[in-house]
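**Student:** There's a structure below that I have some questions on.
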Amino acid sequence: MTIQNLGTKTEVLNVLPSDVVTATGVGPAIDLLDYEGDIAVSLDAEAGGGSVTYAVKLTECDTSGGTYTDVSGGGFTTSGANAAVTEKISINTDSIQRFIKASVTVAGGTGAGAISVIAFGSKKYG
């Protein structure tokens, strides 16, 4: 199923709230129980300085506090050193577990850059 009725039915999910990132971290658990079909997930990251790179991926779990594993097809392209990146991936909520988180790995040096991950999805009923 594709995202439909973008103006009335689509919800915005703040998977990784916009923040300056200097170290590896994980966003909050996002409950997908009420969603169906594809969600579009967007990464927006500014250049981190020096040789800093960001590897961002989605992880999944059946419970909000459980052990998360990588979502198949849920990884963004690792940013180049000191390079900004904007990218979109699509994930089918019907084929993943109930909760997702965004995981960010910072590598390659010291520096900081703002990163955000948002998703757009349609609720089952609404």
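Chain labels follow the order of the structure tokens: the first chain is A, the next B, and so on; residue numbering restarts at 1 in every chain, and ligands are counted from 1 in their shown order.
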Please identify which residues in chain A DSSP calls strand (DSSP E) from the backbone, and express them as a PyMOL selection string.
**Tutor:** chain A and resi 10-21+25-26+30-31+35-45+53-61+69-75+85-92+99-107+113-123
**Student:** Do you know which residues are at most 6 Å from Thr59 of chain A counting only C-alpha atoms, after dropping those on the same chain fewer than 2 positions away, and could you put them as a list in words?
**Tutor:**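 Selected residues are Tyr68, Thr69, Asp70, Val71, Ile100 and Lys101 of chain A.
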**Student:** Find the residue from A:Asp19, A:Glu11, A:Glu60, A:Gly50 that sits nearest to Ala102 of chain A; use only C-alpha atoms when measuring.
**Tutor:** A:Glu60
**Student:** What does the distance between atom CA of Ala112 of chain A and atom CA of Val41 of chain A come to in Å, to one decimal place?
**Tutor:** 22.4 Å
**Student:** Using only C-alpha atoms, find the one residue out of A:Ala29, A:Tyr125, A:Ala114, A:Val21 that sits nearest to Val85 of chain A.
**Tutor:**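 So, comparing all the options, the nearest one is A:Ala114.
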**Student:** For each of A:Thr24, A:Thr93, A:Thr67, A:Thr77, take the minimum atom-to-atom distance to Thr110 of chain A, counting only C-alpha atoms, then give the residue where this is smallest.
**Tutor:** A:Thr24
**Student:** Name the closest residue to Ala107 of chain A among the candidates A:Ala40, A:Ala84, A:Leu13, A:Ala23; distances are taken between atoms, counting only C-alpha atoms.
**Tutor:** A:Ala23
**Student:** My list of candidates is A:Leu32, A:Val26, A:Ala83, A:Val104. Which is closest to Lys123 of chain A when distances are computed with only C-alpha atoms?
**Tutor:**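 Closest to Lys123 of chain A, using only C-alpha atoms: A:Leu32.
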**Student:** Just give me the gap between atom CA of Asn92 of chain A and atom CA of Pro17 of chain A in Å, one decimal is fine.
**Tutor:**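 Between these atoms lies a distance of 21.5 Å.
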**Student:** Between A:Gly49, A:Gln97, A:Ser103, A:Thr63, which one has atoms that come closest to Ala81 of chain A, using only C-alpha atoms?
**Tutor:**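 Comparing A:Gly49, A:Gln97, A:Ser103, A:Thr63 against Ala81 of chain A, the winner is A:Gly49.
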**Student:** May I ask for the distance between atom CA of Ser122 of chain A and atom CA of Thr78 of chain A, given in Å to one decimal place?
**Tutor:**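 Atom CA of Ser122 of chain A sits 27.7 Å away from atom CA of Thr78 of chain A.
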**Student:** Leaving out Ser51 of chain A and any residue of its chain fewer than 3 positions from it, which residues lie within 7 Å of it when counting only C-alpha atoms, given as a ChimeraX atom specification?
**Tutor:** /A:81-82,108-109
**Student:** For Gly121 of chain A, work out the shell of residues within 8 Å, counting only C-alpha atoms and skipping chain neighbours fewer than 4 positions away, then give it as a list in words.
**Tutor:**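 Final neighbour list, sorted by chain and number: Ile3, Thr10, Glu11, Val12, Leu13, Tyr35, Glu36, Gly37, Asp38, Ile39 and Ala40 of chain A.
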**Student:** Limited to C-alpha atoms, could you put the picked residues into a file as a short mmCIF file (atom, residue, chain, number, x, y, z; two decimals), in the first residue's frame?
**Tutor:**
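Full text of out34.cif as output:
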```
data_model
loop_
_atom_site.label_atom_id
_atom_site.label_comp_id
_atom_site.auth_asym_id
_atom_site.auth_seq_id
_atom_site.Cartn_x
_atom_site.Cartn_y
_atom_site.Cartn_z
CA ILE A 3 0.91 6.69 1.17
CA THR A 10 -0.75 11.41 6.50
CA GLU A 11 0.91 11.82 9.88
CA VAL A 12 4.43 13.10 10.61
CA LEU A 13 6.50 10.90 12.93
CA TYR A 35 -0.07 2.65 10.63
CA GLU A 36 -0.32 0.56 7.49
CA GLY A 37 1.56 0.24 4.25
CA ASP A 38 4.60 2.25 3.31
CA ILE A 39 6.11 5.04 5.35
CA ALA A 40 8.56 7.46 3.79
#
```
